[in-house]
file protein.txt (compact mmCIF, C-alpha atoms)
# COMPACT_ATOMS: atom_id res chain seq x y z
CA MET A 1 68.23 -52.97 35.96
CA SER A 2 64.63 -51.92 35.37
CA ARG A 3 63.61 -48.55 33.96
CA THR A 4 62.03 -47.46 37.25
CA SER A 5 65.15 -48.11 39.27
CA ILE A 6 67.25 -46.14 36.78
CA ALA A 7 64.74 -43.29 37.05
CA THR A 8 64.90 -43.52 40.85
CA ILE A 9 68.70 -43.38 40.90
CA LEU A 10 68.68 -40.43 38.49
CA THR A 11 66.09 -38.51 40.52
CA VAL A 12 67.91 -39.09 43.77
CA SER A 13 71.33 -38.11 42.39
CA LEU A 14 70.05 -34.96 40.67
CA TYR A 15 68.25 -33.99 43.85
CA ALA A 16 71.37 -34.60 45.94
CA ILE A 17 73.48 -32.50 43.54
CA PHE A 18 70.88 -29.73 43.67
CA LEU A 19 70.96 -29.70 47.49
CA VAL A 20 74.74 -29.70 47.68
CA VAL A 21 75.11 -26.91 45.08
CA SER A 22 72.40 -24.85 46.82
CA TRP A 23 74.22 -25.30 50.09
CA ILE A 24 77.56 -24.18 48.59
CA ILE A 25 76.25 -21.10 46.80
CA GLY A 26 73.67 -20.32 49.50
CA PHE A 27 70.67 -20.66 47.17
CA GLY A 28 67.61 -19.89 49.35
CA PRO A 29 64.95 -22.14 47.79
CA GLY A 30 67.40 -25.06 47.86
CA GLN A 31 67.97 -24.53 51.59
CA GLU A 32 64.24 -24.46 52.21
CA ILE A 33 63.67 -27.65 50.24
CA ARG A 34 66.46 -29.33 52.19
CA HIS A 35 64.84 -28.22 55.42
CA ASN A 36 61.50 -29.71 54.27
CA PHE A 37 63.21 -32.93 53.29
CA VAL A 38 65.05 -33.33 56.59
CA SER A 39 62.02 -32.60 58.75
CA PHE A 40 59.77 -34.99 56.81
CA THR A 41 62.39 -37.72 56.79
CA LEU A 42 62.92 -37.45 60.54
CA ASP A 43 59.16 -37.55 61.03
CA MET A 44 58.88 -40.78 59.11
CA LEU A 45 61.93 -42.36 60.68
CA LYS A 46 60.22 -41.94 64.04
CA ILE A 47 57.48 -44.30 62.89
CA LEU A 48 58.68 -46.56 60.08
CA PRO A 49 61.21 -48.79 61.92
CA CYS A 50 58.62 -49.65 64.59
CA ALA A 51 55.97 -50.23 61.93
CA PHE A 52 58.21 -52.63 60.00
CA ILE A 53 59.31 -54.49 63.15
CA LEU A 54 55.64 -55.01 64.05
CA ILE A 55 54.99 -56.18 60.48
CA GLY A 56 57.88 -58.65 60.81
CA LEU A 57 56.57 -59.99 64.13
CA PHE A 58 53.10 -60.27 62.62
CA GLU A 59 54.46 -62.26 59.68
CA ALA A 60 56.45 -64.59 61.91
CA TRP A 61 53.85 -65.23 64.62
CA VAL A 62 50.32 -64.84 63.29
CA LYS A 63 48.92 -67.95 61.65
CA ARG A 64 47.44 -67.73 58.20
CA GLU A 65 44.25 -69.48 59.40
CA THR A 66 43.66 -66.77 62.01
CA ILE A 67 43.75 -64.01 59.42
CA GLU A 68 41.67 -66.02 56.98
CA ARG A 69 39.03 -66.59 59.63
CA HIS A 70 38.77 -62.95 60.78
CA PHE A 71 39.69 -61.01 57.64
CA GLY A 72 39.22 -63.53 54.82
CA GLU A 73 36.45 -64.59 52.46
CA GLU A 74 34.54 -66.40 55.23
CA SER A 75 34.62 -63.48 57.67
CA GLY A 76 31.53 -61.73 56.24
CA ILE A 77 30.76 -58.33 57.70
CA ARG A 78 33.00 -59.00 60.73
CA GLY A 79 36.05 -58.70 58.50
CA TYR A 80 35.12 -55.13 57.64
CA ILE A 81 34.60 -54.25 61.30
CA TRP A 82 38.04 -55.68 62.12
CA GLY A 83 39.48 -53.70 59.24
CA VAL A 84 38.10 -50.44 60.64
CA LEU A 85 39.19 -51.23 64.22
CA LEU A 86 42.70 -52.11 63.10
CA ALA A 87 42.83 -48.87 61.13
CA GLY A 88 41.79 -46.95 64.24
CA THR A 89 45.03 -48.00 65.93
CA THR A 90 47.28 -47.33 62.91
CA VAL A 91 49.83 -44.57 63.36
CA GLY A 92 51.36 -42.27 60.78
CA GLY A 93 49.04 -42.46 57.81
CA LEU A 94 48.51 -44.22 54.54
CA TYR A 95 52.22 -44.72 53.95
CA VAL A 96 52.30 -47.04 56.98
CA ALA A 97 49.03 -48.71 56.00
CA PHE A 98 50.31 -49.85 52.57
CA PRO A 99 52.96 -52.29 53.84
CA VAL A 100 50.56 -53.49 56.55
CA SER A 101 47.86 -54.19 53.96
CA TYR A 102 50.36 -56.15 51.89
CA SER A 103 51.12 -58.38 54.89
CA LEU A 104 47.44 -58.83 55.72
CA HIS A 105 46.61 -59.73 52.14
CA SER A 106 49.46 -62.22 51.85
CA LYS A 107 48.10 -63.94 54.99
CA GLY A 108 44.66 -64.32 53.43
CA ALA A 109 42.69 -61.13 54.14
CA LYS A 110 40.18 -60.42 51.39
CA LEU A 111 40.55 -57.38 49.15
CA GLY A 112 37.37 -55.64 50.31
CA VAL A 113 38.67 -55.67 53.89
CA ILE A 114 42.07 -54.42 52.73
CA PHE A 115 40.60 -51.41 50.93
CA THR A 116 38.37 -50.72 53.93
CA TYR A 117 41.44 -50.82 56.14
CA LEU A 118 43.29 -48.41 53.81
CA GLY A 119 40.39 -45.95 53.62
CA ALA A 120 39.76 -46.11 57.34
CA SER A 121 43.41 -45.68 58.23
CA ALA A 122 43.37 -42.45 56.25
CA LEU A 123 40.24 -41.16 57.97
CA CYS A 124 39.57 -42.92 61.28
CA ARG A 125 42.86 -43.12 63.14
CA ALA A 126 41.84 -42.55 66.74
CA PRO A 127 44.61 -40.14 67.84
CA MET A 128 44.17 -38.08 64.71
CA ALA A 129 40.39 -37.88 65.05
CA ILE A 130 40.77 -36.57 68.61
CA PHE A 131 43.33 -34.03 67.45
CA GLU A 132 41.08 -32.94 64.60
CA ALA A 133 38.05 -32.56 66.88
CA SER A 134 40.04 -30.31 69.19
CA PHE A 135 40.60 -27.85 66.34
CA LEU A 136 37.43 -28.17 64.27
CA GLY A 137 34.87 -29.35 66.80
CA ILE A 138 33.24 -32.68 67.61
CA LYS A 139 30.35 -32.09 65.22
CA PHE A 140 32.73 -31.72 62.27
CA THR A 141 34.62 -34.91 63.11
CA ALA A 142 31.42 -36.86 63.83
CA ILE A 143 29.94 -35.93 60.45
CA ARG A 144 33.13 -36.87 58.69
CA LEU A 145 33.39 -40.26 60.38
CA LEU A 146 29.70 -41.15 60.04
CA VAL A 147 29.51 -40.16 56.36
CA SER A 148 32.86 -41.62 55.35
CA LEU A 149 32.71 -45.07 56.94
CA PRO A 150 29.67 -46.43 55.06
CA LEU A 151 31.03 -44.98 51.80
CA VAL A 152 34.47 -46.46 52.39
CA ILE A 153 33.06 -49.89 53.26
CA VAL A 154 30.62 -50.07 50.34
CA THR A 155 33.10 -48.87 47.71
CA SER A 156 35.76 -51.22 49.13
CA MET A 157 33.38 -54.18 48.91
CA LEU A 158 32.58 -53.39 45.28
CA LEU A 159 36.20 -52.75 44.31
CA GLY A 160 37.29 -55.88 46.18
CA LYS A 161 34.70 -58.05 44.43
CA TYR A 162 35.59 -56.64 41.03
CA LEU A 163 39.34 -57.14 41.49
CA THR A 164 38.99 -60.59 43.09
CA LYS A 165 37.07 -61.74 40.03
CA ARG A 166 39.96 -60.58 37.88
CA GLY A 167 42.52 -62.44 39.97
CA TYR A 168 44.24 -59.31 41.28
CA LYS A 169 46.84 -59.61 44.07
CA ILE A 170 48.63 -57.08 46.25
CA ALA A 171 52.34 -57.67 45.88
CA GLU A 172 55.68 -55.95 46.11
CA ARG A 173 56.05 -54.92 42.51
CA LYS A 174 59.37 -54.48 40.82
CA MET B 1 54.36 -41.85 69.72
CA TYR B 2 55.77 -43.23 72.97
CA ALA B 3 52.95 -45.76 73.01
CA LEU B 4 54.23 -47.04 69.66
CA TYR B 5 57.77 -47.46 71.01
CA ALA B 6 56.50 -49.14 74.17
CA ILE B 7 54.29 -51.59 72.25
CA THR B 8 57.03 -52.43 69.73
CA GLY B 9 59.59 -52.92 72.49
CA LEU B 10 57.28 -55.07 74.58
CA ALA B 11 56.29 -57.20 71.58
CA LEU B 12 59.97 -57.73 70.73
CA VAL B 13 60.90 -58.71 74.29
CA ILE B 14 58.00 -61.16 74.61
CA SER B 15 58.82 -62.63 71.21
CA LEU B 16 62.49 -63.02 72.23
CA ILE B 17 61.57 -64.81 75.45
CA VAL B 18 59.16 -67.21 73.74
CA ASN B 19 61.18 -68.03 70.66
CA ARG B 20 64.51 -66.54 69.76
CA GLN B 21 64.63 -68.06 66.30
CA LYS B 22 61.23 -66.71 65.28
CA THR B 23 62.17 -63.27 66.53
CA TRP B 24 65.31 -63.32 64.41
CA GLN B 25 63.19 -64.36 61.44
CA ALA B 26 60.75 -61.49 62.15
CA LEU B 27 63.58 -58.97 62.21
CA LYS B 28 64.93 -60.30 58.93
CA ILE B 29 61.50 -59.92 57.34
CA ALA B 30 61.23 -56.38 58.77
CA ALA B 31 64.63 -55.39 57.37
CA SER B 32 64.12 -56.85 53.91
CA ARG B 33 60.64 -55.30 53.57
CA PHE B 34 61.98 -51.94 54.64
CA ILE B 35 64.95 -52.08 52.28
CA ASN B 36 62.72 -53.08 49.37
CA ILE B 37 60.42 -50.09 49.75
CA ALA B 38 63.01 -47.54 50.94
CA PRO B 39 63.84 -46.16 47.45
CA ARG B 40 60.16 -45.38 46.88
CA PHE B 41 59.96 -43.61 50.21
CA LEU B 42 63.00 -41.59 49.24
CA VAL B 43 61.38 -40.49 45.97
CA MET B 44 58.21 -39.61 47.85
CA LEU B 45 60.16 -37.48 50.35
CA ILE B 46 61.92 -35.68 47.52
CA LEU B 47 58.58 -34.87 45.88
CA VAL B 48 57.09 -33.73 49.19
CA SER B 49 60.00 -31.42 49.97
CA ALA B 50 59.80 -29.77 46.54
CA VAL B 51 56.01 -29.43 46.39
CA LEU B 52 55.80 -27.98 49.91
CA PHE B 53 58.26 -25.32 48.81
CA LEU B 54 56.30 -24.55 45.63
CA ILE B 55 52.96 -24.41 47.46
CA PRO B 56 53.53 -22.83 50.87
CA ASP B 57 50.91 -22.63 53.65
CA THR B 58 50.24 -18.95 53.01
CA ILE B 59 49.09 -19.60 49.43
CA ILE B 60 46.87 -22.46 50.56
CA ALA B 61 45.35 -20.24 53.25
CA ASN B 62 44.68 -17.46 50.72
CA TYR B 63 42.90 -19.66 48.22
CA LEU B 64 40.83 -21.52 50.81
CA GLY B 65 39.60 -18.15 52.05
CA ILE B 66 38.25 -16.86 48.72
CA ASP B 67 34.64 -15.59 48.70
CA ASN B 68 33.28 -18.14 46.25
CA LYS B 69 32.80 -21.10 48.60
CA TYR B 70 32.18 -23.67 45.85
CA GLY B 71 35.38 -22.57 44.18
CA ALA B 72 37.11 -22.88 47.53
CA VAL B 73 35.78 -26.44 47.99
CA LEU B 74 37.11 -27.37 44.58
CA PHE B 75 40.46 -25.72 45.26
CA GLY B 76 40.66 -27.33 48.70
CA SER B 77 40.02 -30.81 47.34
CA VAL B 78 42.54 -30.45 44.52
CA ILE B 79 45.26 -28.97 46.68
CA GLY B 80 44.55 -31.53 49.42
CA SER B 81 45.00 -34.29 46.86
CA VAL B 82 48.27 -32.93 45.54
CA ILE B 83 50.14 -32.11 48.73
CA LEU B 84 50.98 -34.09 51.80
CA MET B 85 51.05 -32.48 55.19
CA PRO B 86 51.31 -33.99 58.64
CA GLY B 87 48.18 -33.69 60.80
CA PHE B 88 49.95 -31.58 63.40
CA ILE B 89 50.36 -28.84 60.78
CA ALA B 90 47.14 -29.36 58.82
CA PHE B 91 44.62 -29.24 61.67
CA PRO B 92 45.99 -26.20 63.46
CA LEU B 93 46.03 -24.46 60.07
CA ALA B 94 42.41 -25.51 59.52
CA GLY B 95 41.56 -24.25 63.00
CA ILE B 96 43.02 -20.81 62.21
CA LEU B 97 41.18 -20.66 58.89
CA LEU B 98 37.94 -21.54 60.68
CA THR B 99 38.28 -18.54 62.99
CA LYS B 100 38.87 -16.41 59.88
CA GLY B 101 35.47 -17.45 58.54
CA VAL B 102 36.40 -20.20 56.08
CA PRO B 103 33.36 -22.54 55.81
CA TYR B 104 33.47 -26.00 57.37
CA MET B 105 32.83 -27.69 54.05
CA VAL B 106 35.93 -26.11 52.52
CA LEU B 107 38.05 -27.33 55.43
CA SER B 108 36.43 -30.74 55.13
CA ALA B 109 37.28 -31.00 51.42
CA PHE B 110 40.84 -29.92 52.15
CA THR B 111 41.59 -32.13 55.17
CA THR B 112 39.80 -35.22 53.84
CA THR B 113 41.61 -35.26 50.50
CA LEU B 114 44.83 -34.46 52.34
CA MET B 115 44.52 -37.72 54.24
CA MET B 116 42.83 -39.97 51.70
CA VAL B 117 44.13 -38.96 48.28
CA GLY B 118 47.84 -39.02 47.62
CA PHE B 119 49.55 -37.74 44.53
CA LEU B 120 52.82 -37.68 46.40
CA THR B 121 52.40 -41.11 47.98
CA TYR B 122 52.03 -42.57 44.48
CA PRO B 123 55.61 -43.97 44.38
CA VAL B 124 54.95 -45.98 47.55
CA GLU B 125 51.33 -46.90 46.87
CA SER B 126 51.90 -48.09 43.31
CA GLN B 127 54.71 -50.38 44.47
CA TYR B 128 52.17 -52.34 46.52
CA LEU B 129 48.87 -51.89 44.71
CA GLY B 130 50.07 -51.48 41.15
CA ARG B 131 49.51 -48.49 38.91
CA LYS B 132 45.91 -49.15 37.90
CA VAL B 133 44.49 -49.93 41.31
CA THR B 134 46.34 -46.95 42.83
CA ILE B 135 44.61 -44.67 40.36
CA ILE B 136 41.21 -46.31 40.97
CA ARG B 137 41.58 -46.09 44.76
CA ASN B 138 42.57 -42.43 44.66
CA THR B 139 39.76 -41.52 42.27
CA ILE B 140 37.15 -43.20 44.48
CA SER B 141 38.65 -41.49 47.52
CA PHE B 142 38.47 -38.10 45.83
CA PHE B 143 34.74 -38.50 45.21
CA ILE B 144 34.16 -39.79 48.74
CA ALA B 145 35.87 -36.62 49.99
CA LEU B 146 33.55 -34.47 47.86
CA VAL B 147 30.49 -36.25 49.27
CA ILE B 148 31.80 -35.74 52.81
CA ALA B 149 32.34 -32.05 52.06
CA ALA B 150 28.81 -31.73 50.68
CA MET B 151 27.30 -33.44 53.73
CA THR B 152 29.39 -31.26 56.03
CA GLY B 153 28.06 -28.20 54.18
CA LEU B 154 24.53 -29.52 54.54
CA PHE B 155 24.77 -30.15 58.29
CA PHE B 156 26.41 -26.79 58.96
CA GLY B 157 23.89 -25.00 56.72
CA GLU B 158 26.59 -23.67 54.39
CA ILE B 159 25.77 -25.38 51.16
CA PHE B 160 23.28 -22.81 49.75
call {"tool": "encode", "arguments": {"input": "protein.txt", "output": "structure tokens"}}
result
Amino acid sequence: MSRTSIATILTVSLYAIFLVVSWIIGFGPGQEIRHNFVSFTLDMLKILPCAFILIGLFEAWVKRETIERHFGEESGIRGYIWGVLLAGTTVGGLYVAFPVSYSLHSKGAKLGVIFTYLGASALCRAPMAIFEASFLGIKFTAIRLLVSLPLVIVTSMLLGKYLTKRGYKIAERK
Amino acid sequence: MYALYAITGLALVISLIVNRQKTWQALKIAASRFINIAPRFLVMLILVSAVLFLIPDTIIANYLGIDNKYGAVLFGSVIGSVILMPGFIAFPLAGILLTKGVPYMVLSAFTTTLMMVGFLTYPVESQYLGRKVTIIRNTISFFIALVIAAMTGLFFGEIF
């Protein structure tokens, strides 16, 4: 067993013990932390199963050549545009975008497009942008989108080029 | 949210009709991917639940509202990087702070780092991207957020 998995098991068991003891002795902060944990977990469980099913379908059905053509080395600037558009439809947030980017990369999407997709799925998800504009105004959201997109794309290109040269791959690490 | 369920359901049904074997394969991939990353998600949720308790909304609101707006931008970007908050809490909070006179650029620094920079998503992110690239991506994102905040301040005439 690796060191990280031992650390994970330890963290989870200590946390579980803490919650149970807090529940028994009625320790306030423990109750509040449990409440946070439950509400966040439920929130994620509303999204994650669907996200992973869609990832599975994507892996089974979409041909490698298709992804290489639209998101790969030959895609040029179009790949970045696809990356941003795909991000616009992403739900949840970055934590959903990470497994998606792993699938895209393993099917031949280039790194620059992957980092663009990650940055854009943090900032340019369509439902979130609309929600944000309703609280902070359209001007605020427009500035944020127009300033962030070029920065995200340019830094992603540079980072992608640099890492590609060094033979870097996105993988499920142990 | 319902759109997500509808799309997933429809995709599954179509896939089943066209090719049952491939659909089964897709579900197996989905399950094994999910199981592989689940421990990291669990650690992330544990961190989130503890940090949200240690740094409640009221403290965030207090510090974002301090008179020194540059200090507030800095605080907003650091706190936004550290915590994780769903949009349906973060934006209404930002909306309230706006009506209390907190500058746009402070809210920009806070909400942008909240979404782009993730201390608490580190367990999940590093599993896919690796430790080094996770740190590089978050550092770049932090500076992008500062530039966005500065531009927001400029366009709203708050920066000087």
call {"tool": "interface_residues", "arguments": {"input": "protein.txt", "of": "chain B", "to": "chain A", "cutoff": "6 Å", "atoms": "all atoms listed in the file", "output": "list in words"}}
result
Ala26, Leu27, Ile29, Ala30, Ser49, Ala50, Phe91, Gly95, Met115, Met116, Gln127, Tyr128 and Leu129 of chain B
call {"tool": "closest_residue", "arguments": {"input": "protein.txt", "among": "A:Leu10, A:Val21, A:Ile153, A:Leu42", "to": "Leu111 (chain A)", "atoms": "only C-alpha atoms"}}
result
A:Ile153
call {"tool": "atom_distance", "arguments": {"input": "protein.txt", "atom1": "CA of Leu14 (chain A)", "atom2": "CA of Val82 (chain B)"}}
result
22.4 Å
call {"tool": "atom_distance", "arguments": {"input": "protein.txt", "atom1": "CA of Tyr80 (chain A)", "atom2": "CA of Lys161 (chain A)"}}
result
13.5 Å
call {"tool": "residues_around", "arguments": {"input": "protein.txt", "residues": "Ile37 (chain B)", "least_positions_apart": "2", "cutoff": "9 Å", "atoms": "only C-alpha atoms", "output": "short mmCIF file (atom, residue, chain, number, x, y, z; two decimals) with C-alpha atoms, in the frame of the given file"}}
result
data_model
loop_
_atom_site.label_atom_id
_atom_site.label_comp_id
_atom_site.auth_asym_id
_atom_site.auth_seq_id
_atom_site.Cartn_x
_atom_site.Cartn_y
_atom_site.Cartn_z
CA PRO A 99 52.96 -52.29 53.84
CA GLU A 172 55.68 -55.95 46.11
CA SER B 32 64.12 -56.85 53.91
CA ARG B 33 60.64 -55.30 53.57
CA PHE B 34 61.98 -51.94 54.64
CA ILE B 35 64.95 -52.08 52.28
CA PRO B 39 63.84 -46.16 47.45
CA ARG B 40 60.16 -45.38 46.88
CA PHE B 41 59.96 -43.61 50.21
CA LEU B 42 63.00 -41.59 49.24
CA VAL B 124 54.95 -45.98 47.55
CA GLN B 127 54.71 -50.38 44.47
#
call {"tool": "atom_distance", "arguments": {"input": "protein.txt", "atom1": "CA of Tyr122 (chain B)", "atom2": "CA of Val51 (chain B)"}}
result
13.9 Å
call {"tool": "residues_around", "arguments": {"input": "protein.txt", "residues": "region 62-75 of chain B", "least_positions_apart": "5", "cutoff": "6 Å", "atoms": "all atoms listed in the file", "output": "MDAnalysis selection string"}}
result
chainID B and resid 102 106 109
call {"tool": "residues_near_point", "arguments": {"input": "protein.txt", "point": "(54.5, -42.3, 47.4)", "cutoff": "6 Å", "atoms": "only C-alpha atoms", "output": "PDB file with C-alpha atoms, keeping the file's coordinate frame"}}
result
ATOM      1  CA  MET B  44      58.210 -39.610  47.850  1.00  0.00           C
ATOM      2  CA  LEU B 120      52.820 -37.680  46.400  1.00  0.00           C
ATOM      3  CA  THR B 121      52.400 -41.110  47.980  1.00  0.00           C
ATOM      4  CA  TYR B 122      52.030 -42.570  44.480  1.00  0.00           C
ATOM      5  CA  PRO B 123      55.610 -43.970  44.380  1.00  0.00           C
ATOM      6  CA  VAL B 124      54.950 -45.980  47.550  1.00  0.00           C
ATOM      7  CA  GLU B 125      51.330 -46.900  46.870  1.00  0.00           C
TER       8      GLU B 125
END
call {"tool": "residues_around", "arguments": {"input": "protein.txt", "residues": "Phe143 (chain B)", "least_positions_apart": "3", "cutoff": "10 Å", "atoms": "only C-alpha atoms", "output": "PyMOL selection string"}}
result
(chain A and resi 151) or (chain B and resi 77+113+117+138-140+146-149)
call {"tool": "axis_aligned_box", "arguments": {"input": "protein.txt", "around": "region 40-54 of chain A", "padding_each_side": "8 Å", "output": "JSON"}}
result
{"center_x": 59.3, "center_y": -45.0, "center_z": 60.7, "size_x": 23.3, "size_y": 36.0, "size_z": 23.8}
